[in-house]
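Engineer: Quick one, protein_1.pdb (PDB, C-alpha atoms, pLDDT in the B column):
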ATOM      1  CA  MET A 262    -149.438 -91.790 -53.795  1.00 45.00           C
ATOM      2  CA  ALA A 263    -146.251 -92.831 -55.554  1.00 51.00           C
ATOM      3  CA  ARG A 264    -142.972 -91.439 -54.270  1.00 53.00           C
ATOM      4  CA  LYS A 265    -141.157 -89.554 -57.012  1.00 57.00           C
ATOM      5  CA  ILE A 266    -137.616 -90.715 -57.671  1.00 58.00           C
ATOM      6  CA  ILE A 267    -135.323 -88.036 -59.030  1.00 59.00           C
ATOM      7  CA  HIS A 268    -132.968 -89.729 -61.468  1.00 62.00           C
ATOM      8  CA  ASP A 269    -130.711 -86.783 -62.135  1.00 69.00           C
ATOM      9  CA  GLU A 270    -130.102 -83.293 -60.776  1.00 80.00           C
ATOM     10  CA  ASN A 271    -130.740 -81.852 -64.248  1.00 85.00           C
ATOM     11  CA  TYR A 272    -134.156 -83.453 -64.725  1.00 90.00           C
ATOM     12  CA  LEU A 273    -136.019 -80.116 -64.847  1.00 91.00           C
ATOM     13  CA  LYS A 274    -133.525 -78.758 -67.350  1.00 93.00           C
ATOM     14  CA  ALA A 275    -133.932 -81.971 -69.351  1.00 94.00           C
ATOM     15  CA  ILE A 276    -137.728 -81.663 -69.472  1.00 94.00           C
ATOM     16  CA  SER A 277    -137.508 -78.023 -70.526  1.00 95.00           C
ATOM     17  CA  TYR A 278    -134.888 -78.755 -73.199  1.00 95.00           C
ATOM     18  CA  CYS A 279    -136.899 -81.616 -74.670  1.00 96.00           C
ATOM     19  CA  MET A 280    -140.144 -79.645 -74.774  1.00 96.00           C
ATOM     20  CA  ASP A 281    -138.351 -76.728 -76.463  1.00 95.00           C
ATOM     21  CA  HIS A 282    -136.864 -79.090 -79.067  1.00 96.00           C
ATOM     22  CA  GLY A 283    -140.008 -81.019 -79.998  1.00 97.00           C
ATOM     23  CA  ILE A 284    -139.497 -84.088 -77.810  1.00 97.00           C
ATOM     24  CA  LYS A 285    -142.615 -85.014 -75.855  1.00 98.00           C
ATOM     25  CA  ILE A 286    -142.945 -88.028 -73.574  1.00 98.00           C
ATOM     26  CA  TYR A 287    -146.288 -89.094 -72.151  1.00 98.00           C
ATOM     27  CA  ALA A 288    -148.333 -92.026 -70.863  1.00 97.00           C
ATOM     28  CA  VAL A 289    -150.902 -93.791 -73.049  1.00 98.00           C
ATOM     29  CA  PRO A 290    -153.456 -95.970 -71.252  1.00 97.00           C
ATOM     30  CA  LYS A 291    -153.409 -99.697 -71.972  1.00 97.00           C
ATOM     31  CA  SER A 292    -156.048-100.405 -69.345  1.00 95.00           C
ATOM     32  CA  SER A 293    -157.319 -98.653 -66.242  1.00 93.00           C
ATOM     33  CA  LYS A 294    -154.195 -99.721 -64.332  1.00 94.00           C
ATOM     34  CA  GLU A 295    -151.471-100.002 -66.975  1.00 97.00           C
ATOM     35  CA  TYR A 296    -149.856 -97.470 -69.288  1.00 98.00           C
ATOM     36  CA  PHE A 297    -147.475 -97.494 -72.198  1.00 98.00           C
ATOM     37  CA  VAL A 298    -144.926 -94.694 -72.361  1.00 98.00           C
ATOM     38  CA  GLU A 299    -144.763 -92.958 -75.718  1.00 98.00           C
ATOM     39  CA  VAL A 300    -141.990 -90.709 -77.050  1.00 98.00           C
ATOM     40  CA  ASN A 301    -142.752 -88.214 -79.812  1.00 98.00           C
ATOM     41  CA  ASP A 302    -139.354 -87.125 -81.103  1.00 95.00           C
ATOM     42  CA  ASN A 303    -140.281 -84.428 -83.632  1.00 94.00           C
ATOM     43  CA  GLY A 304    -142.974 -86.585 -85.229  1.00 96.00           C
ATOM     44  CA  ASN A 305    -141.226 -89.945 -84.818  1.00 97.00           C
ATOM     45  CA  ILE A 306    -143.368 -91.812 -82.290  1.00 98.00           C
ATOM     46  CA  TYR A 307    -141.981 -94.691 -80.259  1.00 97.00           C
ATOM     47  CA  ARG A 308    -144.081 -96.716 -77.811  1.00 98.00           C
ATOM     48  CA  SER A 309    -142.593 -98.768 -74.997  1.00 97.00           C
ATOM     49  CA  PRO A 310    -143.021-102.514 -75.439  1.00 97.00           C
ATOM     50  CA  LYS A 311    -143.640-102.794 -71.698  1.00 97.00           C
ATOM     51  CA  ALA A 312    -146.699-101.473 -69.882  1.00 97.00           C
ATOM     52  CA  TYR A 313    -146.115 -99.644 -66.593  1.00 97.00           C
ATOM     53  CA  ASN A 314    -148.352 -99.374 -63.562  1.00 96.00           C
ATOM     54  CA  LEU A 315    -149.458 -96.125 -62.008  1.00 88.00           C
ATOM     55  CA  LYS A 316    -146.419 -95.949 -59.714  1.00 88.00           C
ATOM     56  CA  GLN A 317    -143.899 -96.632 -62.493  1.00 94.00           C
ATOM     57  CA  TRP A 318    -144.856 -94.605 -65.564  1.00 94.00           C
ATOM     58  CA  SER A 319    -144.078 -91.140 -64.172  1.00 92.00           C
ATOM     59  CA  ASN A 320    -140.574 -92.211 -63.128  1.00 92.00           C
ATOM     60  CA  LYS A 321    -140.010 -93.770 -66.568  1.00 95.00           C
ATOM     61  CA  ILE A 322    -141.021 -90.503 -68.233  1.00 95.00           C
ATOM     62  CA  ILE A 323    -138.480 -88.535 -66.169  1.00 93.00           C
ATOM     63  CA  GLU A 324    -135.828 -91.147 -66.939  1.00 93.00           C
ATOM     64  CA  LEU A 325    -136.501 -90.818 -70.675  1.00 95.00           C
ATOM     65  CA  TYR A 326    -136.436 -87.005 -70.634  1.00 95.00           C
ATOM     66  CA  VAL A 327    -133.011 -87.172 -68.985  1.00 93.00           C
ATOM     67  CA  PHE A 328    -131.867 -89.797 -71.512  1.00 93.00           C
ATOM     68  CA  TYR A 329    -132.865 -87.639 -74.499  1.00 95.00           C
ATOM     69  CA  TYR A 330    -131.338 -84.537 -72.918  1.00 94.00           C
ATOM     70  CA  TYR A 331    -127.935 -86.202 -72.568  1.00 92.00           C
ATOM     71  CA  LYS A 332    -128.274 -87.851 -75.990  1.00 93.00           C
ATOM     72  CA  TYR A 333    -128.430 -84.417 -77.629  1.00 91.00           C
ATOM     73  CA  ASN A 334    -126.166 -82.665 -75.062  1.00 87.00           C
ATOM     74  CA  PRO A 335    -123.350 -85.124 -74.302  1.00 78.00           C
ATOM     75  CA  THR A 336    -121.058 -82.379 -72.968  1.00 77.00           C
ATOM     76  CA  ASP A 337    -123.528 -81.448 -70.205  1.00 70.00           C
ATOM     77  CA  LYS A 338    -123.048 -84.672 -68.199  1.00 62.00           C
TER      78      LYS A 338
END
Kindly present the structure from the file in structure tokens form.
Structural biologist:
Amino acid sequence: MARKIIHDENYLKAISYCMDHGIKIYAVPKSSKEYFVEVNDNGNIYRSPKAYNLKQWSNKIIELYVFYYYKYNPTDK
């Protein structure tokens, strides 16, 4: 099982904020062992150019939630 890396102390707040504001980030299978990460920012969908393995995609999702949280809340850093 992959060890979860916490990127930021506000990661739970970031996930909650994003979900409440229409930003959803999730994995989309490329194959049985690789996944793209997709961001749905209020209907604007962006897919990662890179595919991530099973151990990487969950950490990338947390990293992106934190990124979007600080993008829309720059004073909360």
Engineer: What gap, in Å, lies between atom CA of Tyr307 of chain A and atom CA of Leu273 of chain A?
Structural biologist: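 Taking atom CA of Tyr307 of chain A as the start and atom CA of Leu273 of chain A as the end point, the length is 22.0 Å.
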Engineer: Taking 4 positions as the minimum chain separation for residues in the same chain, which residues sit within 10 Å of Pro310 of chain A when counting all atoms listed in the file? Answer as a short mmCIF file (atom, residue, chain, number, x, y, z; two decimals) with C-alpha atoms, in the coordinates of the input.
Structural biologist:
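Result went into result_20.cif, see below:
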data_model
loop_
_atom_site.label_atom_id
_atom_site.label_comp_id
_atom_site.auth_asym_id
_atom_site.auth_seq_id
_atom_site.Cartn_x
_atom_site.Cartn_y
_atom_site.Cartn_z
CA PHE A 297 -147.48 -97.49 -72.20
CA VAL A 298 -144.93 -94.69 -72.36
CA GLU A 299 -144.76 -92.96 -75.72
#
Engineer: Any chance you could work out the residue set of the PyMOL selection byres ((chain A and resi 283) around 10) here, as a list in words?
Structural biologist: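 What the PyMOL selection byres ((chain A and resi 283) around 10) grabs from the file is Tyr278, Cys279, Met280, Asp281, His282, Ile284, Lys285, Ile286, Asn301, Asp302, Asn303 and Gly304 of chain A.
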Engineer: Which one is closest to Asn334 of chain A: A:Lys274, A:Lys321, A:Lys291, A:Lys316? Count all atoms listed in the file.
Structural biologist: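 Under the stated criterion, the closest residue is A:Lys274.
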Engineer: For the PyMOL selection byres ((chain A and resi 326) around 8), applied here, can you spell out every residue it catches as a count of residues only?
Structural biologist: 13
Engineer: Might you spell out which residues the PyMOL selection byres ((chain A and resi 290) around 12) would select in the displayed file, as a list of chain:residue names?
Structural biologist: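 Written out, the selection comes to A:Tyr287, A:Ala288, A:Val289, A:Lys291, A:Ser292, A:Ser293, A:Lys294, A:Glu295, A:Tyr296, A:Phe297, A:Val298, A:Glu299, A:Arg308, A:Ser309, A:Lys311, A:Ala312, A:Tyr313, A:Asn314, A:Leu315, A:Trp318.
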Engineer: Using the selection just defined, write its residues with C-alpha atoms as a compact mmCIF listing (two decimals), in the coordinates of the input.
Structural biologist:
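Saved as result.txt:
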# COMPACT_ATOMS: atom_id res chain seq x y z
CA TYR A 287 -146.29 -89.09 -72.15
CA ALA A 288 -148.33 -92.03 -70.86
CA VAL A 289 -150.90 -93.79 -73.05
CA LYS A 291 -153.41 -99.70 -71.97
CA SER A 292 -156.05 -100.40 -69.34
CA SER A 293 -157.32 -98.65 -66.24
CA LYS A 294 -154.20 -99.72 -64.33
CA GLU A 295 -151.47 -100.00 -66.97
CA TYR A 296 -149.86 -97.47 -69.29
CA PHE A 297 -147.48 -97.49 -72.20
CA VAL A 298 -144.93 -94.69 -72.36
CA GLU A 299 -144.76 -92.96 -75.72
CA ARG A 308 -144.08 -96.72 -77.81
CA SER A 309 -142.59 -98.77 -75.00
CA LYS A 311 -143.64 -102.79 -71.70
CA ALA A 312 -146.70 -101.47 -69.88
CA TYR A 313 -146.12 -99.64 -66.59
CA ASN A 314 -148.35 -99.37 -63.56
CA LEU A 315 -149.46 -96.12 -62.01
CA TRP A 318 -144.86 -94.60 -65.56
